[in-house]
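*Asks:* Here it is, the structure in full.
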Amino acid sequence: MAEKRLAGRTDCFSAGHILVDDTDKRVRCLVWNMSDTGALLEAGEADAVPEAFTLLTAIDQTARRCTVVRRTGARFGVVFAES
C-alpha cells in the first residue's frame, strides 16, 4: 500500500480528548503518533467517535479540527483541517 501521508509522523504516546461537536461530551483517547497534518488515535469508545471533531492533546494543549480518514477497530487515522 502506498504511503499517503503528507508529513512524517513522530511517536508521541500521549493522552488526548475528543470534543464532540454541539455537545459537552469528551471521549478520552490515546495519541499514538502525530505530524503537522494528522495523527493516529485510539479510543476505547470507538463507536462514540464521529467523523469530524476537535482533538485536544495533553502534550501541547492545542485544539485541532480533525476528520477521520481511516478506521481499524479502536484505532483511527485523522487529518487536521488547514487553519
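Residues in the C-alpha cells are named by chain (A, B, ... in the order shown) and by number from 1 within that chain; ligands are numbered from 1 in the order shown.
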From a DSSP pass on the backbone, collect the residues of chain A flagged as strand (DSSP E or B) and hand them back as a VMD selection string.
*Replies:* chain A and resid 10 to 19 26 to 34 38 to 42 52 to 57 63 to 72 75 to 80
*Asks:* Any idea what's packed within 7 Å of region 50-66 of chain A, counting only C-alpha atoms, ignoring anything in its chain fewer than 3 positions away? Could you give it as an MDAnalysis selection string?
*Replies:* chainID A and resid 14:21 78:81
*Asks:* Can you list, as a ChimeraX atom specification, every protein, DNA or RNA residue that comes within 7 Å of Ala74 (chain A) when you count only C-alpha atoms, leaving out same-chain residues fewer than 6 positions away?
*Replies:* /A:42-44,46
*Asks:* So that I have them on file, write out the residues from the current selection with all heavy atoms, as a PDB file, in the first residue's frame.
*Replies:*
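Wrote it out as again_10.pdb, contents follow:
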```pdb
ATOM      1  N   GLU A  42      -6.408   6.334  19.310  1.00  0.00           N
ATOM      2  CA  GLU A  42      -7.126   5.144  19.754  1.00  0.00           C
ATOM      3  C   GLU A  42      -8.075   5.552  20.866  1.00  0.00           C
ATOM      4  O   GLU A  42      -7.689   6.291  21.774  1.00  0.00           O
ATOM      5  CB  GLU A  42      -6.153   4.093  20.266  1.00  0.00           C
ATOM      6  CG  GLU A  42      -6.829   2.806  20.689  1.00  0.00           C
ATOM      7  CD  GLU A  42      -5.847   1.718  21.055  1.00  0.00           C
ATOM      8  OE1 GLU A  42      -4.652   1.809  20.710  1.00  0.00           O
ATOM      9  OE2 GLU A  42      -6.290   0.757  21.708  1.00  0.00           O
ATOM     10  N   ALA A  43      -9.315   5.074  20.761  1.00  0.00           N
ATOM     11  CA  ALA A  43     -10.323   5.386  21.774  1.00  0.00           C
ATOM     12  C   ALA A  43     -11.053   4.115  22.154  1.00  0.00           C
ATOM     13  O   ALA A  43     -11.428   3.331  21.280  1.00  0.00           O
ATOM     14  CB  ALA A  43     -11.309   6.429  21.253  1.00  0.00           C
ATOM     15  N   GLY A  44     -11.247   3.906  23.450  1.00  0.00           N
ATOM     16  CA  GLY A  44     -11.980   2.745  23.921  1.00  0.00           C
ATOM     17  C   GLY A  44     -13.421   2.752  23.460  1.00  0.00           C
ATOM     18  O   GLY A  44     -14.034   1.724  23.253  1.00  0.00           O
ATOM     19  N   ALA A  46     -14.783   3.535  20.518  1.00  0.00           N
ATOM     20  CA  ALA A  46     -14.594   3.811  19.091  1.00  0.00           C
ATOM     21  C   ALA A  46     -15.884   4.217  18.392  1.00  0.00           C
ATOM     22  O   ALA A  46     -15.881   5.091  17.525  1.00  0.00           O
ATOM     23  CB  ALA A  46     -13.985   2.597  18.394  1.00  0.00           C
TER      24      ALA A  46
END
```
